[in-house]
file start15.cif (mmCIF, C-alpha atoms)
data_input
loop_
_atom_site.label_atom_id
_atom_site.label_comp_id
_atom_site.auth_asym_id
_atom_site.auth_seq_id
_atom_site.Cartn_x
_atom_site.Cartn_y
_atom_site.Cartn_z
CA MET A 332 -38.17 -79.29 -31.17
CA PRO A 333 -36.77 -76.40 -29.09
CA ARG A 334 -34.75 -77.11 -25.94
CA TRP A 335 -36.61 -76.10 -22.76
CA THR A 336 -34.80 -74.79 -19.72
CA PRO A 337 -36.10 -75.79 -16.26
CA LEU A 338 -37.31 -72.23 -15.68
CA ALA A 339 -39.20 -72.24 -18.95
CA LEU A 340 -40.89 -75.52 -18.05
CA VAL A 341 -41.95 -74.14 -14.67
CA LEU A 342 -43.37 -71.00 -16.26
CA LEU A 343 -45.18 -73.08 -18.86
CA GLY A 344 -46.72 -75.22 -16.14
CA LEU A 345 -47.87 -72.18 -14.15
CA ALA A 346 -49.33 -70.53 -17.23
CA ALA A 347 -51.12 -73.72 -18.23
CA CYS A 348 -52.75 -73.85 -14.80
CA LEU A 349 -53.84 -70.24 -15.10
CA LEU A 350 -55.30 -70.84 -18.53
CA ALA A 351 -57.29 -73.87 -17.41
CA ALA A 352 -61.03 -73.38 -17.05
CA PRO A 353 -63.63 -75.42 -15.20
CA VAL A 354 -67.04 -76.03 -16.70
CA LEU A 355 -68.91 -73.25 -14.96
CA GLY A 356 -71.00 -70.81 -16.94
CA CYS A 357 -72.07 -67.22 -16.58
CA GLY A 358 -75.71 -68.00 -15.83
CA PRO A 359 -77.40 -69.70 -12.93
CA GLY A 360 -77.17 -73.11 -14.59
CA ARG A 361 -79.32 -75.68 -16.38
CA GLY A 362 -81.66 -73.38 -18.20
CA PRO A 363 -82.83 -69.80 -17.74
CA VAL A 364 -85.21 -70.37 -14.84
CA GLY A 365 -85.40 -72.79 -11.97
CA ARG A 366 -82.80 -75.11 -10.57
CA ARG A 367 -84.63 -78.35 -11.40
CA ARG A 368 -86.54 -79.70 -14.35
CA LEU A 369 -89.95 -81.17 -13.68
CA GLY A 370 -89.77 -84.74 -14.86
CA ARG A 371 -91.92 -87.83 -14.58
CA ARG A 372 -90.76 -88.69 -11.08
CA GLN A 373 -93.32 -88.69 -8.31
CA LEU A 374 -93.53 -85.40 -6.42
CA SER A 375 -94.33 -85.51 -2.73
CA PRO A 376 -96.30 -82.65 -1.13
CA LEU A 377 -94.77 -80.70 1.73
CA LEU A 378 -96.28 -81.28 5.13
CA TYR A 379 -97.89 -78.53 7.16
CA LYS A 380 -95.16 -76.39 8.82
CA GLN A 381 -92.44 -78.08 6.75
CA PHE A 382 -89.84 -75.87 5.03
CA VAL A 383 -87.30 -76.61 2.31
CA PRO A 384 -84.37 -76.44 2.67
CA ASN A 385 -84.49 -77.51 6.30
CA VAL A 386 -82.67 -74.44 7.60
CA PRO A 387 -83.93 -71.02 8.74
CA GLU A 388 -84.98 -68.68 5.93
CA GLN A 389 -82.34 -66.02 6.53
CA THR A 390 -79.27 -68.25 6.38
CA LEU A 391 -76.78 -68.76 3.56
CA GLY A 392 -78.26 -72.17 2.82
CA ALA A 393 -81.65 -70.60 2.10
CA SER A 394 -82.55 -67.04 1.05
CA GLY A 395 -79.87 -65.24 3.08
CA LYS A 396 -80.18 -62.42 5.52
CA ALA A 397 -82.35 -59.36 5.10
CA GLU A 398 -80.62 -56.31 3.65
CA GLY A 399 -83.07 -53.63 4.78
CA LYS A 400 -86.37 -52.24 3.62
CA VAL A 401 -86.71 -51.04 0.04
CA LEU A 402 -88.52 -47.70 0.10
CA ARG A 403 -90.55 -46.39 -2.80
CA GLY A 404 -88.50 -43.91 -4.81
CA SER A 405 -85.14 -45.10 -3.43
CA GLU A 406 -82.22 -46.32 -5.54
CA ARG A 407 -82.96 -49.93 -4.60
CA PHE A 408 -86.62 -49.48 -5.50
CA ARG A 409 -85.55 -49.08 -9.12
CA ASP A 410 -84.29 -52.67 -9.03
CA LEU A 411 -87.78 -54.05 -8.35
CA VAL A 412 -89.62 -55.09 -11.49
CA PRO A 413 -93.40 -55.32 -12.01
CA ASN A 414 -94.90 -58.68 -12.91
CA TYR A 415 -97.86 -58.52 -15.31
CA ASN A 416 -97.99 -62.24 -16.03
CA PRO A 417 -101.63 -62.97 -17.03
CA ASP A 418 -101.29 -66.50 -15.66
CA ILE A 419 -100.87 -65.14 -12.12
CA ILE A 420 -103.65 -63.55 -10.05
CA PHE A 421 -102.42 -60.76 -7.77
CA LYS A 422 -104.68 -59.97 -4.83
CA ASP A 423 -103.37 -56.40 -4.50
CA GLU A 424 -105.66 -55.53 -1.60
CA GLU A 425 -103.84 -52.20 -1.14
CA ASN A 426 -104.75 -51.32 -4.75
CA THR A 427 -101.26 -49.86 -5.28
CA GLY A 428 -99.72 -52.58 -7.44
CA ALA A 429 -97.22 -53.34 -4.67
CA ASP A 430 -97.85 -57.09 -4.80
CA ARG A 431 -96.67 -57.09 -8.42
CA LEU A 432 -93.27 -55.60 -7.53
CA MET A 433 -90.42 -58.04 -6.89
CA THR A 434 -86.78 -58.74 -7.64
CA GLU A 435 -85.76 -60.15 -11.00
CA ARG A 436 -84.97 -63.53 -9.45
CA CYS A 437 -88.31 -63.67 -7.67
CA LYS A 438 -90.12 -62.81 -10.91
CA GLU A 439 -88.36 -65.60 -12.80
CA ARG A 440 -89.21 -68.17 -10.13
CA VAL A 441 -92.86 -67.20 -9.75
CA ASN A 442 -93.36 -67.19 -13.53
CA SER A 443 -91.89 -70.68 -13.67
CA LEU A 444 -94.18 -71.76 -10.85
CA ALA A 445 -97.24 -70.35 -12.64
CA ILE A 446 -96.57 -72.69 -15.57
CA ALA A 447 -96.14 -75.66 -13.24
CA VAL A 448 -99.44 -74.89 -11.49
CA MET A 449 -101.38 -74.81 -14.77
CA ASN A 450 -99.74 -78.06 -15.86
CA MET A 451 -100.57 -79.75 -12.56
CA TRP A 452 -104.16 -78.50 -12.31
CA PRO A 453 -105.65 -77.43 -15.68
CA GLY A 454 -107.90 -74.42 -15.28
CA VAL A 455 -106.23 -73.36 -12.00
CA LYS A 456 -103.87 -70.39 -11.76
CA LEU A 457 -101.29 -69.28 -9.23
CA ARG A 458 -102.48 -66.57 -6.84
CA VAL A 459 -100.21 -64.10 -5.00
CA THR A 460 -101.72 -62.71 -1.81
CA GLU A 461 -98.69 -60.83 -0.48
CA GLY A 462 -95.67 -59.44 -2.30
CA TRP A 463 -93.55 -56.35 -1.69
CA ASP A 464 -94.67 -54.63 1.51
CA GLU A 465 -94.31 -50.88 1.95
CA ASP A 466 -96.83 -50.51 4.77
CA GLY A 467 -95.13 -52.37 7.62
CA HIS A 468 -97.52 -55.34 7.83
CA HIS A 469 -94.75 -57.89 8.49
CA LEU A 470 -92.00 -58.45 11.05
CA PRO A 471 -89.14 -55.92 10.88
CA ASP A 472 -86.70 -58.25 9.11
CA SER A 473 -89.22 -59.74 6.66
CA LEU A 474 -88.04 -60.30 3.10
CA HIS A 475 -91.40 -58.94 1.91
CA TYR A 476 -89.93 -55.45 2.43
CA GLU A 477 -87.30 -56.21 -0.23
CA GLY A 478 -89.53 -57.78 -2.87
CA ARG A 479 -87.88 -61.14 -2.21
CA ALA A 480 -90.82 -62.96 -0.61
CA LEU A 481 -94.36 -63.93 -1.66
CA ASP A 482 -97.34 -65.58 -0.03
CA ILE A 483 -99.14 -67.77 -2.56
CA THR A 484 -102.22 -69.94 -2.99
CA THR A 485 -104.07 -71.50 -5.90
CA SER A 486 -106.81 -69.51 -7.59
CA ASP A 487 -109.48 -71.96 -6.42
CA ARG A 488 -108.16 -71.65 -2.82
CA ASP A 489 -108.36 -75.42 -2.42
CA ARG A 490 -106.25 -76.02 0.68
CA HIS A 491 -105.83 -79.67 -0.23
CA LYS A 492 -103.57 -78.47 -3.06
CA TYR A 493 -101.27 -76.35 -0.90
CA GLY A 494 -98.85 -79.12 0.06
CA MET A 495 -98.25 -79.91 -3.62
CA LEU A 496 -98.14 -76.19 -4.42
CA ALA A 497 -95.26 -75.90 -1.97
CA ARG A 498 -93.47 -78.79 -3.66
CA LEU A 499 -93.92 -77.17 -7.06
CA ALA A 500 -92.41 -73.98 -5.63
CA VAL A 501 -89.34 -75.94 -4.56
CA GLU A 502 -89.06 -77.41 -8.04
CA ALA A 503 -89.48 -73.95 -9.61
CA GLY A 504 -86.28 -72.81 -7.90
CA PHE A 505 -87.39 -70.73 -4.91
CA ASP A 506 -84.57 -70.63 -2.38
CA TRP A 507 -86.87 -71.20 0.63
CA VAL A 508 -90.38 -72.62 0.69
CA TYR A 509 -92.48 -72.83 3.86
CA TYR A 510 -95.92 -74.39 4.34
CA GLU A 511 -96.46 -71.61 6.82
CA SER A 512 -100.22 -71.43 7.19
CA LYS A 513 -103.33 -73.36 6.29
CA ALA A 514 -104.20 -70.28 4.24
CA HIS A 515 -101.01 -69.85 2.14
CA ILE A 516 -97.49 -70.96 1.23
CA HIS A 517 -94.57 -68.62 1.91
CA VAL A 518 -91.72 -68.52 -0.63
CA SER A 519 -88.59 -66.39 -0.88
CA VAL A 520 -85.39 -65.98 -2.90
CA LYS A 521 -81.83 -64.87 -2.38
CA ALA A 522 -80.98 -61.24 -2.96
CA ASP A 523 -79.96 -60.52 -6.52
CA ASN A 524 -76.56 -59.34 -5.31
CA SER A 525 -75.85 -62.72 -3.66
CA LEU A 526 -76.05 -64.32 -7.10
CA ALA A 527 -73.12 -62.36 -8.48
CA ILE A 528 -70.58 -65.06 -7.64
CA ARG A 529 -72.47 -67.49 -9.83
CA THR A 530 -73.64 -65.22 -12.62
CA GLY A 531 -70.47 -63.18 -13.05
CA GLY A 532 -70.26 -60.67 -15.87
CA CYS A 533 -70.38 -61.34 -19.59
CA PHE A 534 -71.41 -60.17 -23.03
CA PRO A 535 -73.51 -62.18 -25.53
CA GLY A 536 -71.79 -64.06 -28.32
CA HIS A 537 -73.28 -61.89 -31.07
CA ALA A 538 -71.69 -58.74 -29.58
CA THR A 539 -68.77 -57.35 -31.56
CA VAL A 540 -65.41 -55.86 -30.63
CA THR A 541 -63.24 -53.54 -32.72
CA LEU A 542 -59.88 -54.98 -33.71
CA GLN A 543 -56.74 -52.88 -33.85
CA SER A 544 -57.15 -52.77 -37.65
CA GLY A 545 -60.64 -51.27 -37.29
CA GLU A 546 -62.36 -54.50 -38.33
CA ARG A 547 -65.36 -55.68 -36.31
CA ARG A 548 -65.29 -59.23 -34.93
CA GLY A 549 -67.91 -61.18 -33.00
CA LEU A 550 -67.00 -62.28 -29.49
CA ALA A 551 -67.75 -65.88 -30.45
CA ASP A 552 -64.91 -65.63 -33.01
CA LEU A 553 -62.48 -63.72 -30.80
CA ARG A 554 -59.32 -65.58 -29.82
CA GLN A 555 -56.56 -65.25 -27.29
CA GLY A 556 -53.78 -63.10 -28.74
CA ASP A 557 -56.10 -60.90 -30.82
CA TRP A 558 -55.60 -57.16 -30.44
CA VAL A 559 -58.72 -55.06 -29.88
CA LEU A 560 -59.45 -51.45 -29.01
CA GLY A 561 -59.70 -50.53 -25.34
CA ALA A 562 -58.99 -47.38 -23.38
CA GLU A 563 -56.40 -46.05 -20.97
CA PRO A 564 -57.47 -44.53 -17.63
CA GLY A 565 -57.50 -41.10 -19.25
CA GLY A 566 -59.99 -42.23 -21.87
CA ARG A 567 -57.64 -42.44 -24.87
CA LEU A 568 -58.30 -45.36 -27.20
CA VAL A 569 -55.42 -47.85 -27.36
CA PRO A 570 -54.87 -51.32 -28.82
CA THR A 571 -54.95 -53.96 -26.09
CA GLU A 572 -54.28 -57.70 -26.25
CA VAL A 573 -56.86 -60.36 -25.41
CA LEU A 574 -55.07 -62.39 -22.75
CA LEU A 575 -57.74 -65.02 -22.06
CA PHE A 576 -61.44 -65.47 -21.35
CA LEU A 577 -62.68 -65.13 -17.79
CA ASP A 578 -65.85 -66.90 -18.94
CA ARG A 579 -66.87 -68.41 -22.26
CA ASP A 580 -69.84 -70.64 -23.01
CA LEU A 581 -71.62 -70.70 -26.36
CA GLY A 582 -74.69 -72.54 -25.05
CA GLN A 583 -75.28 -70.85 -21.70
CA ARG A 584 -78.47 -68.81 -21.33
CA ALA A 585 -78.29 -65.52 -19.44
CA SER A 586 -80.24 -62.36 -18.77
CA PHE A 587 -78.65 -59.20 -20.18
CA VAL A 588 -79.13 -55.49 -19.65
CA ALA A 589 -79.64 -53.75 -23.00
CA ILE A 590 -78.34 -50.16 -23.09
CA GLU A 591 -79.38 -48.15 -26.15
CA THR A 592 -77.82 -44.77 -26.96
CA ALA A 593 -78.77 -41.83 -29.16
CA SER A 594 -75.91 -40.27 -31.13
CA PRO A 595 -74.01 -42.27 -32.11
CA ALA A 596 -76.66 -44.98 -32.04
CA ARG A 597 -75.29 -47.98 -30.14
CA ARG A 598 -76.81 -50.99 -28.41
CA LEU A 599 -74.76 -52.71 -25.73
CA LEU A 600 -75.82 -55.95 -24.00
CA LEU A 601 -74.08 -57.14 -20.86
CA THR A 602 -75.00 -59.02 -17.71
CA PRO A 603 -76.37 -56.93 -14.80
CA SER A 604 -73.23 -57.32 -12.67
CA HIS A 605 -70.85 -56.19 -15.42
CA LEU A 606 -69.14 -52.80 -15.17
CA VAL A 607 -69.72 -50.10 -17.75
CA PHE A 608 -68.38 -46.53 -17.69
CA ALA A 609 -71.27 -44.11 -17.19
CA ALA A 610 -72.09 -40.66 -15.87
CA ARG A 611 -75.30 -39.29 -14.41
CA GLY A 612 -76.90 -36.80 -16.78
CA THR A 613 -74.85 -34.85 -19.29
CA ALA A 614 -71.10 -35.18 -18.89
CA ASN A 615 -68.18 -33.59 -20.67
CA GLY A 616 -64.90 -35.47 -20.87
CA SER A 617 -64.06 -38.95 -19.62
CA ALA A 618 -63.17 -37.81 -16.08
CA ALA A 619 -66.84 -37.70 -15.06
CA PHE A 620 -67.42 -41.31 -16.11
CA LEU A 621 -67.25 -43.95 -13.41
CA PRO A 622 -67.52 -47.74 -13.62
CA ILE A 623 -70.95 -48.85 -12.38
CA PHE A 624 -72.99 -52.04 -12.64
CA ALA A 625 -74.96 -52.24 -15.86
CA ARG A 626 -78.17 -52.65 -13.91
CA ARG A 627 -77.67 -49.18 -12.39
CA VAL A 628 -77.64 -47.37 -15.75
CA ARG A 629 -80.77 -45.29 -16.34
CA PRO A 630 -82.20 -43.44 -19.36
CA GLY A 631 -80.69 -39.97 -19.45
CA ASP A 632 -77.30 -41.15 -18.22
CA ALA A 633 -74.29 -40.98 -20.51
CA VAL A 634 -71.84 -43.66 -21.65
CA LEU A 635 -68.67 -43.45 -23.74
CA ALA A 636 -69.07 -44.50 -27.36
CA HIS A 637 -66.66 -44.71 -30.27
CA GLY A 638 -67.47 -41.94 -32.71
CA ALA A 639 -67.94 -42.52 -36.41
CA GLY A 640 -65.10 -41.97 -38.86
CA GLY A 641 -62.33 -43.15 -36.54
CA GLN A 642 -63.03 -40.54 -33.88
CA GLY A 643 -62.16 -41.20 -30.29
CA LEU A 644 -64.50 -41.76 -27.38
CA ARG A 645 -67.35 -39.30 -26.93
CA PRO A 646 -70.21 -39.07 -24.40
CA THR A 647 -73.57 -40.27 -25.69
CA ARG A 648 -76.93 -40.18 -23.95
CA VAL A 649 -78.72 -43.39 -22.96
CA LEU A 650 -82.18 -43.56 -24.54
CA ARG A 651 -83.49 -46.85 -23.18
CA VAL A 652 -82.49 -49.56 -20.71
CA SER A 653 -84.23 -52.93 -20.79
CA ARG A 654 -83.72 -56.61 -20.02
CA GLU A 655 -83.20 -59.27 -22.66
CA ASP A 656 -82.52 -63.00 -22.51
CA GLY A 657 -79.88 -64.50 -24.75
CA VAL A 658 -77.69 -67.52 -25.42
CA GLY A 659 -73.92 -67.45 -25.23
CA VAL A 660 -71.76 -65.67 -22.66
CA PHE A 661 -68.25 -64.26 -23.22
CA ALA A 662 -65.96 -62.31 -20.91
CA PRO A 663 -62.58 -61.53 -22.52
CA LEU A 664 -59.78 -60.14 -20.38
CA THR A 665 -57.51 -57.59 -22.05
CA SER A 666 -54.20 -56.24 -20.85
CA HIS A 667 -55.79 -52.84 -20.14
CA GLY A 668 -58.93 -54.28 -18.53
CA THR A 669 -61.21 -52.42 -20.98
CA LEU A 670 -62.59 -52.96 -24.47
CA LEU A 671 -65.07 -51.55 -26.95
CA VAL A 672 -68.15 -53.76 -27.27
CA ASN A 673 -70.67 -52.76 -29.93
CA GLY A 674 -68.88 -49.42 -29.98
CA VAL A 675 -69.35 -48.68 -26.25
CA LEU A 676 -66.52 -48.66 -23.73
CA ALA A 677 -66.92 -51.34 -21.05
CA SER A 678 -64.79 -52.86 -18.33
CA CYS A 679 -63.61 -56.46 -18.47
CA TYR A 680 -64.70 -56.91 -14.86
CA ALA A 681 -67.85 -57.56 -12.90
CA VAL A 682 -69.30 -58.33 -9.46
CA LEU A 683 -67.18 -55.80 -7.50
CA GLU A 684 -68.13 -52.20 -8.29
CA SER A 685 -64.55 -51.01 -8.55
CA HIS A 686 -62.72 -51.32 -11.86
CA ARG A 687 -59.45 -50.23 -10.29
CA TRP A 688 -59.43 -52.89 -7.57
CA ALA A 689 -60.63 -55.58 -9.96
CA HIS A 690 -57.82 -54.70 -12.36
CA ARG A 691 -55.31 -54.98 -9.53
CA ALA A 692 -56.77 -58.30 -8.46
CA PHE A 693 -56.15 -59.75 -11.92
CA ALA A 694 -52.54 -58.52 -12.01
CA PRO A 695 -51.17 -62.05 -11.38
CA LEU A 696 -52.88 -63.31 -14.52
CA ARG A 697 -51.36 -60.50 -16.56
CA LEU A 698 -47.96 -61.17 -15.00
CA PHE A 699 -48.01 -64.87 -15.83
CA HIS A 700 -49.22 -64.12 -19.32
CA GLY A 701 -46.25 -61.81 -19.76
CA LEU A 702 -43.90 -64.50 -18.48
CA LEU A 703 -45.49 -67.04 -20.79
CA SER A 704 -44.87 -64.76 -23.75
CA LEU A 705 -41.14 -65.09 -23.08
CA LEU A 706 -41.21 -68.81 -23.81
CA PRO A 707 -39.72 -69.78 -27.21
CA ALA A 708 -42.83 -71.56 -28.49
CA HIS A 709 -45.37 -69.01 -27.26
CA ALA A 710 -45.55 -67.21 -30.60
CA GLU A 711 -46.43 -70.50 -32.29
CA VAL A 712 -48.98 -71.98 -29.86
CA GLY A 713 -50.20 -69.05 -27.79
CA ASN A 714 -52.03 -66.78 -30.21
CA GLY A 715 -55.22 -67.65 -32.01
CA THR A 716 -56.03 -70.64 -29.80
CA VAL A 717 -59.64 -71.52 -29.07
CA PRO A 718 -60.30 -70.88 -25.36
CA GLU A 719 -61.80 -73.46 -23.04
CA VAL A 720 -65.48 -73.43 -22.11
CA GLY A 721 -66.57 -72.18 -18.69
CA MET A 722 -65.53 -69.70 -16.05
CA HIS A 723 -61.81 -69.35 -15.43
CA TRP A 724 -60.85 -70.82 -12.07
CA TYR A 725 -58.98 -67.66 -11.07
CA SER A 726 -62.17 -65.59 -11.48
CA ARG A 727 -64.14 -67.97 -9.31
CA LEU A 728 -61.39 -67.99 -6.68
CA LEU A 729 -61.28 -64.19 -6.53
CA TYR A 730 -65.05 -63.92 -6.18
CA ARG A 731 -65.02 -66.38 -3.30
CA LEU A 732 -62.15 -64.60 -1.58
CA ALA A 733 -63.85 -61.23 -2.04
CA GLY A 734 -67.07 -62.64 -0.61
CA GLY A 735 -65.20 -63.87 2.46
CA VAL A 736 -63.13 -60.74 3.01
CA LEU A 737 -65.50 -57.95 1.91
CA GLY A 738 -68.76 -59.71 2.63
CA HIS A 739 -71.37 -60.64 0.05
CA GLU A 740 -72.97 -57.22 0.39
CA ALA A 741 -70.00 -55.81 -1.54
CA LEU A 742 -70.57 -58.24 -4.41
CA GLN A 743 -73.61 -57.35 -6.43
CA VAL A 744 -75.32 -57.89 -9.72
#
call {"tool": "encode", "arguments": {"input": "start15.cif", "output": "C-alpha cells"}}
result
Amino acid sequence: MPRWTPLALVLLGLAACLLAAPVLGCGPGRGPVGRRRLGRRQLSPLLYKQFVPNVPEQTLGASGKAEGKVLRGSERFRDLVPNYNPDIIFKDEENTGADRLMTERCKERVNSLAIAVMNMWPGVKLRVTEGWDEDGHHLPDSLHYEGRALDITTSDRDRHKYGMLARLAVEAGFDWVYYESKAHIHVSVKADNSLAIRTGGCFPGHATVTLQSGERRGLADLRQGDWVLGAEPGGRLVPTEVLLFLDRDLGQRASFVAIETASPARRLLLTPSHLVFAARGTANGSAAFLPIFARRVRPGDAVLAHGAGGQGLRPTRVLRVSREDGVGVFAPLTSHGTLLVNGVLASCYAVLESHRWAHRAFAPLRLFHGLLSLLPAHAEVGNGTVPEVGMHWYSRLLYRLAGGVLGHEALQV
C-alpha cells in the first residue's frame, strides 16, 4: 500500500466529494408525464373557487410569472406545439387552431389528463374551451398569451363533474389548477425555461461518441478516463478526456430533440436545453457557429459534423428537427467541454446559453480532477470506473446559483 502524505489525503477527500452524485435524474421525475401516479386512493373533488397549490398562480410555488405575450410568427411562437390528440375536443371558436397551440409541458399534462378523464368517466372526453390567445381576450398578464394556460370542461358539460375534473388535473401534473367558474376549470403550467434546473441537458444512452482511436462507443459504456474526440475553440478536432458525468441515469425517461442532417447523414438526439453548435442558413468555417439550445435549431440551419474518412469538422445542413421520447440520460464532461456525439459536435453544457461561461463555471471541477491525477493511486483507481447514477451535485449547485444571480429567465430549455 502506498504511503499517503497529508496533502494527498486532503486532495483525495476533495476529489471524492466532487465526484459524488446525488440521485437526481435528467428528466422531470417519476415517469415521462405527470408528477403523481393515479392509484386506488380516494380522490376528493376541488371545491368551487378552490385552487391548488394554495398560492397565487404567478408565483414560484405555482406556474410562475408571465414572460410576455407570444406573437404569431415570433421566435417564441416556434416553441408552441399543436395538439391533435383525438381524445381531446378543442372548441376553437376562432377557427384558427389557436386553442390547439401550447407549450410542450402543457401538452404533456393535458394529454395525461385526457386519459384520466376517460378512465374516470367512460365515454366522456376532455374538452378545451380556451388555449393560446392571440386576440387579447384575457387580462394583460394572462398565461393564455403564452400557451401555458387552458380552460377545460368535460365533453358532456356536466358541471357536477367539474370538481373531480379539477382534482384529476392536479394529479395529471398541472402546476396550478383553479375551479374558477361554474362553466370551466382553469389550469396552467410553468414556463418551459423554468424547468431547465430540473431537466438539465443530456444525451440518450444509445448515442455514440468517437474515441481517440476512432472507435465508436455508446454513452452507456463510456467511462471516466476514456479519451474521446472533441474540438478546440477554433474548431480543430482534438482528443479530450472524460472527467466525469454531470448526469447519468440508465432508467430515466426524457424528451429529446432529434436533429437530422443531410451530407454527411447524421442524427443527433439531445435534451432541449442542451447546447449544440449551429449557424443560421449556410455557413462556411467554424467561426459562424454559435452554441444554442437544441430546441432553437431549425431545418435549414447548419451544424458541424465529422466528415467521412477521418476528415475534420464540416458544416452540414439540418434536414429535420423533431421531438422523441427515450430512456437513459447521459451528460459526460470532457476537459475541453465539447465532444462528438453521433458524429455531430456538441457542447457538454446546458441550461445557460453560453458555452464559454459554462466552461468557466466548471473550471473548479477540472482543477480538482487535475490535482487528483497527481495522486499516486489515481492511475490504478481513477480510470475506467463506473460513474454514479444521478446528477452531479456541482451541476445542481451551479444551476441554483445561476438562477439566483441571473434570474430564471436566463436559464432555459
call {"tool": "residues_around", "arguments": {"input": "start15.cif", "residues": "Arg611 in chain A", "least_positions_apart": "3", "cutoff": "10 Å", "atoms": "all atoms listed in the file", "output": "PDB file with C-alpha atoms, in the coordinates of the input"}}
result
ATOM      1  CA  ALA A 614     -71.100 -35.180 -18.890  1.00  0.00           C
ATOM      2  CA  ALA A 619     -66.840 -37.700 -15.060  1.00  0.00           C
ATOM      3  CA  PHE A 620     -67.420 -41.310 -16.110  1.00  0.00           C
ATOM      4  CA  LEU A 621     -67.250 -43.950 -13.410  1.00  0.00           C
ATOM      5  CA  VAL A 628     -77.640 -47.370 -15.750  1.00  0.00           C
ATOM      6  CA  ARG A 629     -80.770 -45.290 -16.340  1.00  0.00           C
ATOM      7  CA  PRO A 630     -82.200 -43.440 -19.360  1.00  0.00           C
ATOM      8  CA  GLY A 631     -80.690 -39.970 -19.450  1.00  0.00           C
ATOM      9  CA  ASP A 632     -77.300 -41.150 -18.220  1.00  0.00           C
ATOM     10  CA  ALA A 633     -74.290 -40.980 -20.510  1.00  0.00           C
ATOM     11  CA  VAL A 634     -71.840 -43.660 -21.650  1.00  0.00           C
ATOM     12  CA  ARG A 648     -76.930 -40.180 -23.950  1.00  0.00           C
TER      13      ARG A 648
END
call {"tool": "atom_distance", "arguments": {"input": "start15.cif", "atom1": "CA of Phe624 in chain A", "atom2": "CA of Val682 in chain A"}}
result
8.0 Å
call {"tool": "resolve_selection", "arguments": {"input": "start15.cif", "expression": "the PyMOL selection byres ((chain A and resi 476) around 6)", "output": "list in words"}}
result
Lys400, Val401, Trp463, Asp464, Leu474, His475, Glu477 and Gly478 of chain A
call {"tool": "closest_residue", "arguments": {"input": "start15.cif", "among": "A:Leu676, A:Ala500, A:Leu553, A:Leu664", "to": "Arg567 in chain A", "atoms": "only C-alpha atoms"}}
result
A:Leu676
call {"tool": "residues_near_point", "arguments": {"input": "start15.cif", "point": "(-100.0, -72.1, 5.5)", "cutoff": "10 Å", "atoms": "all atoms listed in the file", "output": "MDAnalysis selection string"}}
result
chainID A and resid 378:381 482:484 490 493:494 497 509:517
call {"tool": "atom_distance", "arguments": {"input": "start15.cif", "atom1": "CA of Gln642 in chain A", "atom2": "CA of Thr592 in chain A"}}
result
16.9 Å
call {"tool": "residues_near_point", "arguments": {"input": "start15.cif", "point": "(-89.0, -78.3, -1.1)", "cutoff": "10 Å", "atoms": "all atoms listed in the file", "output": "JSON, numbers by chain"}}
result
{"A": [374, 375, 376, 377, 381, 382, 383, 384, 385, 494, 495, 496, 497, 498, 499, 500, 501, 502, 503, 504, 505, 506, 507, 508, 509, 510]}
call {"tool": "residues_around", "arguments": {"input": "start15.cif", "residues": "range 442-446 of chain A", "least_positions_apart": "6", "cutoff": "12 Å", "atoms": "all atoms listed in the file", "output": "number ranges by chain"}}
result
A: 362-369, 413-421, 431, 433, 435-436, 452-459, 483-486, 495-505, 518
call {"tool": "build_atoms", "arguments": {"input": "start15.cif", "residues": "range 623-632 of chain A", "atoms": "N, CA, C and O atoms", "output": "compact mmCIF listing (two decimals), keeping the file's coordinate frame"}}
result
# COMPACT_ATOMS: atom_id res chain seq x y z
N ILE A 623 -69.80 -48.46 -13.20
CA ILE A 623 -70.95 -48.85 -12.38
C ILE A 623 -71.53 -50.14 -12.96
O ILE A 623 -71.28 -50.49 -14.12
N PHE A 624 -72.32 -50.85 -12.14
CA PHE A 624 -72.99 -52.04 -12.64
C PHE A 624 -73.97 -51.66 -13.74
O PHE A 624 -74.64 -50.62 -13.68
N ALA A 625 -74.06 -52.51 -14.74
CA ALA A 625 -74.96 -52.24 -15.86
C ALA A 625 -76.39 -52.05 -15.40
O ALA A 625 -77.14 -51.25 -15.97
N ARG A 626 -76.79 -52.76 -14.37
CA ARG A 626 -78.17 -52.65 -13.91
C ARG A 626 -78.48 -51.29 -13.28
O ARG A 626 -79.65 -50.95 -13.08
N ARG A 627 -77.45 -50.50 -12.97
CA ARG A 627 -77.67 -49.18 -12.39
C ARG A 627 -77.81 -48.08 -13.45
O ARG A 627 -78.15 -46.94 -13.12
N VAL A 628 -77.54 -48.38 -14.70
CA VAL A 628 -77.64 -47.37 -15.75
C VAL A 628 -79.11 -47.04 -15.99
O VAL A 628 -79.97 -47.93 -16.04
N ARG A 629 -79.40 -45.76 -16.15
CA ARG A 629 -80.77 -45.29 -16.34
C ARG A 629 -80.85 -44.43 -17.61
O ARG A 629 -79.85 -43.81 -18.01
N PRO A 630 -82.03 -44.37 -18.23
CA PRO A 630 -82.20 -43.44 -19.36
C PRO A 630 -81.86 -42.02 -18.94
O PRO A 630 -82.22 -41.57 -17.84
N GLY A 631 -81.15 -41.31 -19.78
CA GLY A 631 -80.69 -39.97 -19.45
C GLY A 631 -79.25 -39.93 -18.99
O GLY A 631 -78.62 -38.87 -19.01
N ASP A 632 -78.72 -41.08 -18.54
CA ASP A 632 -77.30 -41.15 -18.22
C ASP A 632 -76.48 -41.08 -19.51
O ASP A 632 -77.03 -41.11 -20.61
